[in-house]
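Source file upload-v7.csv; content: CSV, N, CA and C atoms.
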```
chain,number,residue,atom,x,y,z
T,1,MET,N,-10.8,9.8,-14.2
T,1,MET,CA,-11.6,8.6,-14.4
T,1,MET,C,-11.3,7.6,-13.3
T,2,GLN,N,-12.3,6.9,-12.9
T,2,GLN,CA,-12.1,5.9,-11.8
T,2,GLN,C,-12.2,4.5,-12.4
T,3,LEU,N,-11.2,3.7,-11.9
T,3,LEU,CA,-11.2,2.3,-12.4
T,3,LEU,C,-12.2,1.5,-11.5
T,4,ARG,N,-13.3,1.1,-12.1
T,4,ARG,CA,-14.3,0.4,-11.3
T,4,ARG,C,-14.2,-1.1,-11.5
T,5,GLU,N,-13.5,-1.6,-12.5
T,5,GLU,CA,-13.3,-3.0,-12.8
T,5,GLU,C,-11.9,-3.4,-12.4
T,6,ASP,N,-11.7,-4.7,-12.2
T,6,ASP,CA,-10.4,-5.2,-11.9
T,6,ASP,C,-9.5,-5.3,-13.1
T,7,TYR,N,-10.1,-5.3,-14.3
T,7,TYR,CA,-9.3,-5.3,-15.6
T,7,TYR,C,-9.9,-4.3,-16.5
T,8,CYS,N,-9.1,-3.4,-17.1
T,8,CYS,CA,-9.6,-2.4,-18.0
T,8,CYS,C,-8.5,-2.1,-19.1
T,9,THR,N,-9.0,-1.7,-20.3
T,9,THR,CA,-8.1,-1.5,-21.4
T,9,THR,C,-8.2,0.0,-21.8
T,10,PHE,N,-7.1,0.5,-22.4
T,10,PHE,CA,-7.0,1.8,-22.9
T,10,PHE,C,-6.5,1.8,-24.3
T,11,GLY,N,-7.0,2.5,-25.3
T,11,GLY,CA,-6.5,2.5,-26.6
T,11,GLY,C,-7.5,3.3,-27.5
T,12,ARG,N,-7.2,3.3,-28.8
T,12,ARG,CA,-8.0,4.1,-29.7
T,12,ARG,C,-9.2,3.4,-30.2
T,13,SER,N,-9.4,2.1,-30.0
T,13,SER,CA,-10.6,1.3,-30.4
T,13,SER,C,-11.7,1.7,-29.4
T,14,SER,N,-12.9,1.8,-30.0
T,14,SER,CA,-14.1,2.1,-29.2
T,14,SER,C,-14.5,1.0,-28.3
T,15,SER,N,-13.9,-0.2,-28.5
T,15,SER,CA,-14.3,-1.4,-27.7
T,15,SER,C,-13.5,-1.4,-26.3
T,16,ASN,N,-12.5,-0.5,-26.1
T,16,ASN,CA,-11.8,-0.4,-24.9
T,16,ASN,C,-12.7,0.1,-23.8
T,17,THR,N,-12.3,-0.3,-22.5
T,17,THR,CA,-13.0,0.2,-21.4
T,17,THR,C,-12.9,1.8,-21.4
T,18,PHE,N,-11.7,2.3,-21.7
T,18,PHE,CA,-11.5,3.7,-21.8
T,18,PHE,C,-10.9,4.0,-23.2
T,19,PRO,N,-11.8,4.3,-24.2
T,19,PRO,CA,-11.2,4.6,-25.5
T,19,PRO,C,-10.6,6.0,-25.5
T,20,ILE,N,-9.5,6.1,-26.2
T,20,ILE,CA,-8.7,7.4,-26.4
T,20,ILE,C,-9.2,8.0,-27.7
T,21,LEU,N,-9.8,9.2,-27.6
T,21,LEU,CA,-10.4,9.8,-28.7
T,21,LEU,C,-9.5,10.9,-29.3
T,22,LEU,N,-9.9,11.3,-30.5
T,22,LEU,CA,-9.1,12.3,-31.3
T,22,LEU,C,-8.9,13.6,-30.5
T,23,ASP,N,-10.0,14.0,-29.7
T,23,ASP,CA,-9.8,15.3,-29.0
T,23,ASP,C,-8.9,15.1,-27.8
T,24,GLN,N,-8.6,13.9,-27.4
T,24,GLN,CA,-7.7,13.7,-26.3
T,24,GLN,C,-6.2,13.5,-26.8
T,25,ALA,N,-6.1,12.8,-27.9
T,25,ALA,CA,-4.7,12.5,-28.4
T,25,ALA,C,-4.2,13.4,-29.5
T,26,GLY,N,-5.2,14.1,-30.2
T,26,GLY,CA,-4.8,15.0,-31.3
T,26,GLY,C,-4.0,14.3,-32.4
T,27,GLU,N,-2.9,14.9,-32.9
T,27,GLU,CA,-2.1,14.3,-34.0
T,27,GLU,C,-1.4,13.0,-33.6
T,28,ARG,N,-1.3,12.7,-32.3
T,28,ARG,CA,-0.7,11.4,-31.9
T,28,ARG,C,-1.6,10.2,-32.0
T,29,LEU,N,-2.9,10.4,-32.3
T,29,LEU,CA,-3.8,9.3,-32.3
T,29,LEU,C,-3.4,8.1,-33.1
T,30,ASN,N,-2.8,8.3,-34.3
T,30,ASN,CA,-2.3,7.2,-35.1
T,30,ASN,C,-1.2,6.5,-34.5
T,31,ALA,N,-0.4,7.0,-33.6
T,31,ALA,CA,0.7,6.4,-32.9
T,31,ALA,C,0.2,5.5,-31.7
T,32,ILE,N,-1.1,5.7,-31.3
T,32,ILE,CA,-1.7,5.0,-30.2
T,32,ILE,C,-2.3,3.7,-30.8
T,33,SER,N,-2.0,2.6,-30.1
T,33,SER,CA,-2.5,1.3,-30.6
T,33,SER,C,-4.0,1.1,-30.3
T,34,LYS,N,-4.6,0.2,-31.0
T,34,LYS,CA,-6.1,-0.1,-30.8
T,34,LYS,C,-6.3,-0.5,-29.4
T,35,VAL,N,-5.5,-1.3,-28.8
T,35,VAL,CA,-5.4,-1.6,-27.4
T,35,VAL,C,-4.0,-1.2,-27.0
T,36,HIS,N,-3.8,-0.1,-26.3
T,36,HIS,CA,-2.5,0.4,-26.0
T,36,HIS,C,-1.9,-0.2,-24.7
T,37,PHE,N,-2.7,-0.2,-23.7
T,37,PHE,CA,-2.3,-0.9,-22.4
T,37,PHE,C,-3.5,-1.3,-21.6
T,38,ALA,N,-3.2,-2.2,-20.7
T,38,ALA,CA,-4.3,-2.7,-19.8
T,38,ALA,C,-3.8,-2.5,-18.3
T,39,ILE,N,-4.8,-2.3,-17.5
T,39,ILE,CA,-4.5,-2.2,-16.0
T,39,ILE,C,-5.3,-3.3,-15.4
T,40,ARG,N,-4.6,-4.1,-14.5
T,40,ARG,CA,-5.2,-5.2,-13.8
T,40,ARG,C,-5.0,-5.0,-12.3
T,41,ARG,N,-6.0,-5.1,-11.5
T,41,ARG,CA,-5.9,-5.0,-10.0
T,41,ARG,C,-6.0,-6.4,-9.5
T,42,SER,N,-5.2,-6.7,-8.5
T,42,SER,CA,-5.2,-8.0,-7.8
T,42,SER,C,-4.8,-7.7,-6.3
T,43,PRO,N,-5.0,-8.8,-5.5
T,43,PRO,CA,-4.6,-8.6,-4.1
T,43,PRO,C,-3.1,-8.2,-3.9
T,44,ASP,N,-2.2,-8.5,-5.0
T,44,ASP,CA,-0.8,-8.2,-4.9
T,44,ASP,C,-0.5,-6.8,-5.3
T,45,GLY,N,-1.5,-6.1,-5.9
T,45,GLY,CA,-1.3,-4.7,-6.3
T,45,GLY,C,-1.9,-4.5,-7.7
T,46,THR,N,-1.6,-3.3,-8.2
T,46,THR,CA,-2.2,-2.9,-9.5
T,46,THR,C,-1.0,-2.8,-10.5
T,47,ALA,N,-1.2,-3.5,-11.7
T,47,ALA,CA,-0.2,-3.6,-12.7
T,47,ALA,C,-0.7,-3.1,-14.0
T,48,LEU,N,0.2,-2.5,-14.8
T,48,LEU,CA,0.0,-2.1,-16.1
T,48,LEU,C,0.7,-3.0,-17.1
T,49,GLU,N,0.0,-3.5,-18.1
T,49,GLU,CA,0.5,-4.3,-19.1
T,49,GLU,C,0.6,-3.5,-20.4
T,50,ASP,N,1.8,-3.4,-21.0
T,50,ASP,CA,1.9,-2.7,-22.3
T,50,ASP,C,1.5,-3.7,-23.4
T,51,LYS,N,0.6,-3.2,-24.2
T,51,LYS,CA,0.1,-4.0,-25.4
T,51,LYS,C,0.4,-3.4,-26.7
T,52,SER,N,1.2,-2.3,-26.6
T,52,SER,CA,1.5,-1.5,-27.8
T,52,SER,C,2.9,-1.8,-28.4
T,53,SER,N,3.0,-1.4,-29.7
T,53,SER,CA,4.3,-1.5,-30.4
T,53,SER,C,5.0,-0.2,-30.2
T,54,SER,N,4.3,0.9,-30.0
T,54,SER,CA,4.9,2.3,-30.0
T,54,SER,C,5.3,2.7,-28.6
T,55,GLY,N,5.0,1.9,-27.6
T,55,GLY,CA,5.5,2.2,-26.2
T,55,GLY,C,4.5,2.8,-25.2
T,56,THR,N,4.5,2.2,-24.1
T,56,THR,CA,3.9,2.8,-22.9
T,56,THR,C,4.9,3.0,-21.8
T,57,PHE,N,4.9,4.1,-21.2
T,57,PHE,CA,5.9,4.5,-20.2
T,57,PHE,C,5.3,4.8,-18.8
T,58,VAL,N,5.9,4.2,-17.8
T,58,VAL,CA,5.5,4.5,-16.4
T,58,VAL,C,6.7,5.2,-15.8
T,59,ASN,N,6.4,6.4,-15.3
T,59,ASN,CA,7.4,7.3,-14.7
T,59,ASN,C,8.6,7.5,-15.6
T,60,GLY,N,8.3,7.6,-16.9
T,60,GLY,CA,9.3,7.9,-17.9
T,60,GLY,C,10.1,6.7,-18.4
T,61,HIS,N,9.8,5.5,-17.9
T,61,HIS,CA,10.5,4.3,-18.3
T,61,HIS,C,9.6,3.4,-19.1
T,62,LYS,N,10.2,3.0,-20.3
T,62,LYS,CA,9.4,2.1,-21.2
T,62,LYS,C,9.1,0.8,-20.5
T,63,VAL,N,7.9,0.3,-20.6
T,63,VAL,CA,7.5,-1.0,-20.1
T,63,VAL,C,7.9,-2.1,-21.0
T,64,GLY,N,7.5,-2.0,-22.3
T,64,GLY,CA,7.8,-3.0,-23.3
T,64,GLY,C,6.6,-3.9,-23.6
T,65,LYS,N,6.4,-4.1,-24.9
T,65,LYS,CA,5.2,-4.9,-25.3
T,65,LYS,C,5.2,-6.2,-24.6
T,66,GLY,N,4.0,-6.6,-24.0
T,66,GLY,CA,3.8,-7.8,-23.4
T,66,GLY,C,4.4,-7.9,-22.0
T,67,LYS,N,5.0,-6.8,-21.5
T,67,LYS,CA,5.6,-6.8,-20.2
T,67,LYS,C,4.7,-6.0,-19.2
T,68,THR,N,4.8,-6.2,-17.9
T,68,THR,CA,4.0,-5.5,-16.9
T,68,THR,C,4.9,-4.7,-16.0
T,69,ARG,N,4.3,-3.7,-15.4
T,69,ARG,CA,4.9,-3.0,-14.3
T,69,ARG,C,3.9,-2.7,-13.2
T,70,ILE,N,4.3,-2.9,-12.0
T,70,ILE,CA,3.4,-2.5,-10.9
T,70,ILE,C,3.3,-1.0,-10.8
T,71,LEU,N,2.1,-0.5,-10.6
T,71,LEU,CA,1.8,0.9,-10.5
T,71,LEU,C,1.8,1.3,-9.0
T,72,GLU,N,2.7,2.3,-8.7
T,72,GLU,CA,2.7,2.9,-7.4
T,72,GLU,C,1.8,4.1,-7.3
T,73,HIS,N,1.4,4.5,-6.2
T,73,HIS,CA,0.6,5.7,-6.0
T,73,HIS,C,1.4,6.9,-6.7
T,74,ASN,N,0.6,7.7,-7.5
T,74,ASN,CA,1.2,8.8,-8.2
T,74,ASN,C,2.0,8.5,-9.4
T,75,ALA,N,2.0,7.3,-9.9
T,75,ALA,CA,2.8,6.9,-11.1
T,75,ALA,C,2.2,7.6,-12.3
T,76,THR,N,3.1,8.1,-13.1
T,76,THR,CA,2.6,8.8,-14.4
T,76,THR,C,2.7,7.7,-15.5
T,77,ILE,N,1.7,7.8,-16.3
T,77,ILE,CA,1.6,6.9,-17.5
T,77,ILE,C,1.6,7.7,-18.7
T,78,SER,N,2.5,7.4,-19.6
T,78,SER,CA,2.6,8.1,-20.9
T,78,SER,C,2.5,7.2,-22.1
T,79,LEU,N,1.9,7.7,-23.2
T,79,LEU,CA,1.8,6.9,-24.4
T,79,LEU,C,2.7,7.5,-25.4
T,80,THR,N,3.4,6.7,-26.1
T,80,THR,CA,4.3,7.0,-27.3
T,80,THR,C,5.5,7.9,-27.0
T,81,HIS,N,5.5,8.7,-25.9
T,81,HIS,CA,6.7,9.5,-25.6
T,81,HIS,C,6.8,9.6,-24.0
T,82,PRO,N,8.0,9.3,-23.5
T,82,PRO,CA,8.1,9.3,-22.0
T,82,PRO,C,7.8,10.6,-21.3
T,83,LYS,N,7.9,11.8,-21.9
T,83,LYS,CA,7.8,13.0,-21.3
T,83,LYS,C,6.4,13.7,-21.4
T,84,GLN,N,5.5,13.0,-22.1
T,84,GLN,CA,4.1,13.5,-22.3
T,84,GLN,C,3.2,12.6,-21.5
T,85,SER,N,3.1,12.9,-20.2
T,85,SER,CA,2.2,12.0,-19.4
T,85,SER,C,0.8,12.3,-19.7
T,86,GLN,N,0.0,11.3,-19.8
T,86,GLN,CA,-1.5,11.5,-20.0
T,86,GLN,C,-2.3,11.1,-18.8
T,87,TYR,N,-1.7,10.2,-17.9
T,87,TYR,CA,-2.5,9.8,-16.8
T,87,TYR,C,-1.6,9.8,-15.5
T,88,VAL,N,-2.2,9.9,-14.4
T,88,VAL,CA,-1.6,9.8,-13.1
T,88,VAL,C,-2.4,8.7,-12.3
T,89,TYR,N,-1.7,7.6,-11.9
T,89,TYR,CA,-2.4,6.6,-11.2
T,89,TYR,C,-2.4,7.0,-9.7
T,90,MET,N,-3.6,7.1,-9.1
T,90,MET,CA,-3.7,7.4,-7.7
T,90,MET,C,-4.5,6.2,-7.0
T,91,SER,N,-3.7,5.6,-6.2
T,91,SER,CA,-4.3,4.4,-5.5
T,91,SER,C,-5.3,4.8,-4.4
T,92,ALA,N,-6.4,4.1,-4.5
T,92,ALA,CA,-7.5,4.3,-3.5
T,92,ALA,C,-7.1,3.8,-2.1
T,93,SER,N,-6.1,2.9,-2.1
T,93,SER,CA,-5.7,2.3,-0.8
T,93,SER,C,-4.6,3.2,-0.1
T,94,GLN,N,-4.1,4.2,-0.7
T,94,GLN,CA,-3.1,5.1,-0.1
T,94,GLN,C,-3.8,6.1,0.9
T,95,ASP,N,-3.1,6.5,1.8
T,95,ASP,CA,-3.6,7.4,2.8
T,95,ASP,C,-3.4,8.9,2.3
T,96,TYR,N,-4.1,9.2,1.2
T,96,TYR,CA,-4.0,10.5,0.6
T,96,TYR,C,-5.0,11.5,1.3
T,97,LYS,N,-5.8,11.0,2.2
T,97,LYS,CA,-6.8,11.8,2.9
T,97,LYS,C,-6.3,12.4,4.1
T,98,ARG,N,-5.2,12.0,4.6
T,98,ARG,CA,-4.5,12.5,5.8
T,98,ARG,C,-5.4,13.4,6.7
T,99,ASP,N,-5.0,14.6,6.9
T,99,ASP,CA,-5.7,15.5,7.9
T,99,ASP,C,-6.5,16.6,7.1
T,100,TYR,N,-7.0,16.3,5.9
T,100,TYR,CA,-7.7,17.3,5.1
T,100,TYR,C,-9.1,17.4,5.6
T,101,PRO,N,-9.7,18.6,5.5
T,101,PRO,CA,-11.1,18.7,5.9
T,101,PRO,C,-12.0,17.8,5.1
T,102,LEU,N,-13.1,17.3,5.7
T,102,LEU,CA,-14.1,16.4,5.1
T,102,LEU,C,-14.7,17.0,3.9
T,103,ALA,N,-14.9,18.3,3.8
T,103,ALA,CA,-15.5,19.0,2.6
T,103,ALA,C,-14.6,18.8,1.5
T,104,LEU,N,-13.3,18.8,1.7
T,104,LEU,CA,-12.3,18.7,0.6
T,104,LEU,C,-12.2,17.3,0.1
T,105,ILE,N,-12.1,16.3,1.0
T,105,ILE,CA,-11.9,14.9,0.6
T,105,ILE,C,-13.1,14.3,0.0
T,106,ARG,N,-14.3,14.9,0.2
T,106,ARG,CA,-15.5,14.4,-0.4
T,106,ARG,C,-15.5,14.7,-1.9
T,107,LYS,N,-14.9,15.8,-2.3
T,107,LYS,CA,-15.0,16.3,-3.6
T,107,LYS,C,-13.7,16.0,-4.4
T,108,TYR,N,-12.5,16.0,-3.7
T,108,TYR,CA,-11.2,15.9,-4.4
T,108,TYR,C,-10.4,14.7,-3.9
T,109,VAL,N,-9.5,14.2,-4.8
T,109,VAL,CA,-8.5,13.2,-4.4
T,109,VAL,C,-7.2,14.0,-4.3
T,110,VAL,N,-6.6,14.1,-3.2
T,110,VAL,CA,-5.4,14.8,-3.0
T,110,VAL,C,-4.2,13.9,-3.3
T,111,SER,N,-3.3,14.3,-4.2
T,111,SER,CA,-2.2,13.5,-4.7
T,111,SER,C,-0.9,14.0,-4.1
T,112,LYS,N,0.1,14.1,-5.0
T,112,LYS,CA,1.4,14.5,-4.6
T,112,LYS,C,1.7,16.0,-4.4
T,113,ASP,N,2.7,16.2,-3.7
T,113,ASP,CA,3.1,17.6,-3.5
T,113,ASP,C,3.8,18.1,-4.7
T,114,LEU,N,3.4,19.3,-5.2
T,114,LEU,CA,4.1,19.9,-6.4
T,114,LEU,C,5.2,20.8,-6.0
T,115,GLY,N,5.1,21.4,-4.9
T,115,GLY,CA,6.1,22.3,-4.4
T,115,GLY,C,5.7,23.0,-3.1
T,116,SER,N,6.6,23.7,-2.5
T,116,SER,CA,6.3,24.4,-1.3
T,116,SER,C,7.1,25.7,-1.2
T,117,GLY,N,6.6,26.6,-0.4
T,117,GLY,CA,7.3,27.9,-0.3
T,117,GLY,C,6.9,28.5,1.1
T,118,ALA,N,7.2,29.8,1.2
T,118,ALA,CA,7.0,30.5,2.5
T,118,ALA,C,5.5,30.5,2.9
T,119,CYS,N,4.6,30.4,2.0
T,119,CYS,CA,3.2,30.5,2.3
T,119,CYS,C,2.4,29.2,2.4
T,120,GLY,N,3.1,28.1,2.0
T,120,GLY,CA,2.5,26.8,2.1
T,120,GLY,C,2.9,25.8,1.1
T,121,THR,N,2.2,24.7,0.9
T,121,THR,CA,2.5,23.7,0.0
T,121,THR,C,1.4,23.6,-1.1
T,122,VAL,N,1.8,23.4,-2.3
T,122,VAL,CA,0.9,23.2,-3.4
T,122,VAL,C,0.8,21.7,-3.7
T,123,ARG,N,-0.4,21.2,-3.8
T,123,ARG,CA,-0.6,19.8,-4.1
T,123,ARG,C,-1.4,19.6,-5.3
T,124,TYR,N,-1.2,18.5,-6.0
T,124,TYR,CA,-1.9,18.1,-7.2
T,124,TYR,C,-3.2,17.4,-6.6
T,125,VAL,N,-4.4,17.9,-7.2
T,125,VAL,CA,-5.7,17.3,-6.8
T,125,VAL,C,-6.5,17.0,-8.0
T,126,ALA,N,-7.4,16.0,-7.9
T,126,ALA,CA,-8.3,15.6,-9.0
T,126,ALA,C,-9.7,15.6,-8.4
T,127,ILE,N,-10.6,15.9,-9.3
T,127,ILE,CA,-12.0,15.9,-8.8
T,127,ILE,C,-12.4,14.4,-8.7
T,128,TYR,N,-13.0,14.1,-7.6
T,128,TYR,CA,-13.4,12.7,-7.3
T,128,TYR,C,-14.8,12.5,-7.9
T,129,THR,N,-14.9,11.5,-8.8
T,129,THR,CA,-16.1,11.2,-9.5
T,129,THR,C,-16.6,9.8,-9.2
```
Can you present the structure in this file as structure tokens?
Amino acid sequence: MQLREDYCTFGRSSSNTFPILLDQAGERLNAISKVHFAIRRSPDGTALEDKSSSGTFVNGHKVGKGKTRILEHNATISLTHPKQSQYVYMSASQDYKRDYPLALIRKYVVSKDLGSGACGTVRYVAIYT
């Protein structure tokens, strides 16, 4: 999903910018707050504000209700449990397009390196919408 607004909310309420549905959360839906977290973009950077009682985690670290954390490129966002990441924040201002072919960067956002071996490097990519 692409953040088109400077402020957006995530949670189980249908009034959120990005509602979290049963097919996404499964049995954990009841642990997700009506408004679980918000993301705000500003000239100083992009920050996540935790609005939940059950916890929002960035890179495995609990943010804490009412507190904010600056999101770095490739930050993982988890709801209710630090090891179950649901989202990866990819900054549009980062140079993730490096030397990739134009046909690739028109369709995909290239993110972090997952690993490398004798035949090359495997990278995490997302379809650009």
Pairwise distance for atom C of T:Thr17 and atom CA of T:Ser52, rounded to one decimal in Å: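 Atom-to-atom, atom C of T:Thr17 to atom CA of T:Ser52, that is 16.1 Å.
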Would you return as a PyMOL selection string the members of chain T that DSSP assigns to strand (DSSP E) on this structure's backbone? chain T and resi 7-11+18-19+37-42+45-50+56-58+61-62+68-70+75-79+85-89+108-117+120-127
Excluding stretch 46-48 of chain T and any residue of its chain fewer than 6 positions from it, enumerate the residues within 8 Å of it, using only C-alpha atoms, and give them as a PyMOL selection string. chain T and resi 37-40+68-72
Do you have the atom N of T:Ser111-atom CA of T:Ile32 distance handy?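 Those two atoms sit 27.7 Å apart.
Within stretch 77-115 of chain T, DSSP applied to the backbone places the following residues in helix (DSSP H, G or I): Leu102, Ala103, Leu104, Ile105, Arg106 and Lys107 of chain T.
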Shell around T:His61 at 8 Å using all atoms listed in the file, local window under 5 positions removed, as a list in words: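 The filter keeps Gly55, Thr56, Thr76, Ser78, His81, Pro82 and Lys83 of chain T.
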Between T:Gly60, T:Asp6, T:Asp44, T:Asp50, single out the one closest to T:Ser85, counting only N, CA and C atoms. T:Gly60
Suppose you want the space between atom N of T:Asn74 and atom CA of T:Pro43; what is it in Å? 17.4 Å
In terms of the shortest atom-to-atom distance over all atoms listed in the file, which of T:Leu79, T:Cys8, T:Cys119, T:Val58 is closest to T:Ala31?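 Among the listed residues, T:Leu79 lies closest to T:Ala31.
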Could you pull out every residue with an atom within 6.5 Å of (7.6, -5.7, -28.2), file coordinates, counting only N, CA and C atoms, and send them as an mmCIF file with N, CA and C atoms, in the coordinates of the input?
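That gives us selection.cif:
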```
data_model
loop_
_atom_site.group_PDB
_atom_site.id
_atom_site.type_symbol
_atom_site.label_atom_id
_atom_site.label_comp_id
_atom_site.auth_asym_id
_atom_site.auth_seq_id
_atom_site.Cartn_x
_atom_site.Cartn_y
_atom_site.Cartn_z
ATOM 1 N N SER T 52 1.200 -2.300 -26.600
ATOM 2 C CA SER T 52 1.500 -1.500 -27.800
ATOM 3 C C SER T 52 2.900 -1.800 -28.400
ATOM 4 N N SER T 53 3.000 -1.400 -29.700
ATOM 5 C CA SER T 53 4.300 -1.500 -30.400
ATOM 6 C C SER T 53 5.000 -0.200 -30.200
ATOM 7 N N GLY T 64 7.500 -2.000 -22.300
ATOM 8 C CA GLY T 64 7.800 -3.000 -23.300
ATOM 9 C C GLY T 64 6.600 -3.900 -23.600
ATOM 10 N N LYS T 65 6.400 -4.100 -24.900
ATOM 11 C CA LYS T 65 5.200 -4.900 -25.300
ATOM 12 C C LYS T 65 5.200 -6.200 -24.600
ATOM 13 N N GLY T 66 4.000 -6.600 -24.000
ATOM 14 C CA GLY T 66 3.800 -7.800 -23.400
ATOM 15 C C GLY T 66 4.400 -7.900 -22.000
#
```
Have a look at T:Leu22, T:Asp113, T:Tyr87, T:Ser13 and name the one nearest to T:Val35; count only N, CA and C atoms. T:Ser13
For T:Asn30, the nearest of the candidates T:Ser42, T:Ser15, T:Thr80, T:Gln2, counting only C-alpha atoms: T:Thr80
Any idea what's packed within 6 Å of T:Ala126, counting only N, CA and C atoms, ignoring anything in its chain fewer than 2 positions away? Could you give it as a ChimeraX atom specification? /T:107-111,124,128
Selected stretch 32-39 of chain T, written as a JSON list (two decimals), in the first residue's frame, all heavy atoms:
```
[["chain", "number", "residue", "atom", "x", "y", "z"],
["T", 32, "ILE", "N", -6.12, -6.19, 18.18],
["T", 32, "ILE", "CA", -5.79, -4.97, 17.44],
["T", 32, "ILE", "C", -6.79, -3.88, 17.82],
["T", 32, "ILE", "O", -7.99, -4.11, 17.82],
["T", 32, "ILE", "CB", -5.78, -5.24, 15.93],
["T", 32, "ILE", "CG1", -4.65, -6.22, 15.61],
["T", 32, "ILE", "CG2", -5.62, -3.95, 15.14],
["T", 32, "ILE", "CD1", -4.64, -6.72, 14.19],
["T", 33, "SER", "N", -6.29, -2.71, 18.15],
["T", 33, "SER", "CA", -7.14, -1.60, 18.58],
["T", 33, "SER", "C", -7.94, -1.03, 17.41],
["T", 33, "SER", "O", -7.56, -1.20, 16.25],
["T", 33, "SER", "CB", -6.29, -0.49, 19.18],
["T", 33, "SER", "OG", -5.59, -0.96, 20.31],
["T", 34, "LYS", "N", -9.01, -0.32, 17.75],
["T", 34, "LYS", "CA", -9.82, 0.33, 16.71],
["T", 34, "LYS", "C", -8.95, 1.26, 15.89],
["T", 34, "LYS", "O", -9.05, 1.29, 14.67],
["T", 34, "LYS", "CB", -10.99, 1.08, 17.32],
["T", 34, "LYS", "CG", -12.07, 0.16, 17.85],
["T", 34, "LYS", "CD", -13.23, 0.94, 18.41],
["T", 34, "LYS", "CE", -14.26, -0.02, 18.97],
["T", 34, "LYS", "NZ", -15.38, 0.70, 19.58],
["T", 35, "VAL", "N", -8.13, 2.05, 16.56],
["T", 35, "VAL", "CA", -7.07, 2.83, 15.89],
["T", 35, "VAL", "C", -5.78, 2.36, 16.56],
["T", 35, "VAL", "O", -5.48, 2.73, 17.69],
["T", 35, "VAL", "CB", -7.25, 4.35, 16.05],
["T", 35, "VAL", "CG1", -6.11, 5.10, 15.38],
["T", 35, "VAL", "CG2", -8.60, 4.79, 15.49],
["T", 36, "HIS", "N", -5.02, 1.54, 15.87],
["T", 36, "HIS", "CA", -3.84, 0.90, 16.48],
["T", 36, "HIS", "C", -2.60, 1.81, 16.40],
["T", 36, "HIS", "O", -1.88, 1.95, 17.38],
["T", 36, "HIS", "CB", -3.56, -0.44, 15.80],
["T", 36, "HIS", "CG", -2.78, -1.37, 16.66],
["T", 36, "HIS", "ND1", -3.38, -2.23, 17.55],
["T", 36, "HIS", "CD2", -1.45, -1.55, 16.80],
["T", 36, "HIS", "CE1", -2.44, -2.92, 18.19],
["T", 36, "HIS", "NE2", -1.26, -2.52, 17.74],
["T", 37, "PHE", "N", -2.37, 2.40, 15.24],
["T", 37, "PHE", "CA", -1.25, 3.33, 15.11],
["T", 37, "PHE", "C", -1.53, 4.31, 13.99],
["T", 37, "PHE", "O", -2.43, 4.11, 13.17],
["T", 37, "PHE", "CB", 0.09, 2.62, 14.90],
["T", 37, "PHE", "CG", 0.26, 1.91, 13.59],
["T", 37, "PHE", "CD1", 0.85, 2.54, 12.50],
["T", 37, "PHE", "CD2", -0.16, 0.59, 13.43],
["T", 37, "PHE", "CE1", 1.01, 1.88, 11.30],
["T", 37, "PHE", "CE2", 0.01, -0.08, 12.24],
["T", 37, "PHE", "CZ", 0.59, 0.56, 11.16],
["T", 38, "ALA", "N", -0.77, 5.40, 13.99],
["T", 38, "ALA", "CA", -0.87, 6.41, 12.94],
["T", 38, "ALA", "C", 0.52, 6.70, 12.41],
["T", 38, "ALA", "O", 1.52, 6.55, 13.12],
["T", 38, "ALA", "CB", -1.49, 7.69, 13.49],
["T", 39, "ILE", "N", 0.57, 7.09, 11.15],
["T", 39, "ILE", "CA", 1.83, 7.51, 10.53],
["T", 39, "ILE", "C", 1.66, 8.93, 10.05],
["T", 39, "ILE", "O", 0.67, 9.28, 9.41],
["T", 39, "ILE", "CB", 2.21, 6.57, 9.36],
["T", 39, "ILE", "CG1", 2.54, 5.18, 9.89],
["T", 39, "ILE", "CG2", 3.40, 7.15, 8.57],
["T", 39, "ILE", "CD1", 2.92, 4.17, 8.84]]
```
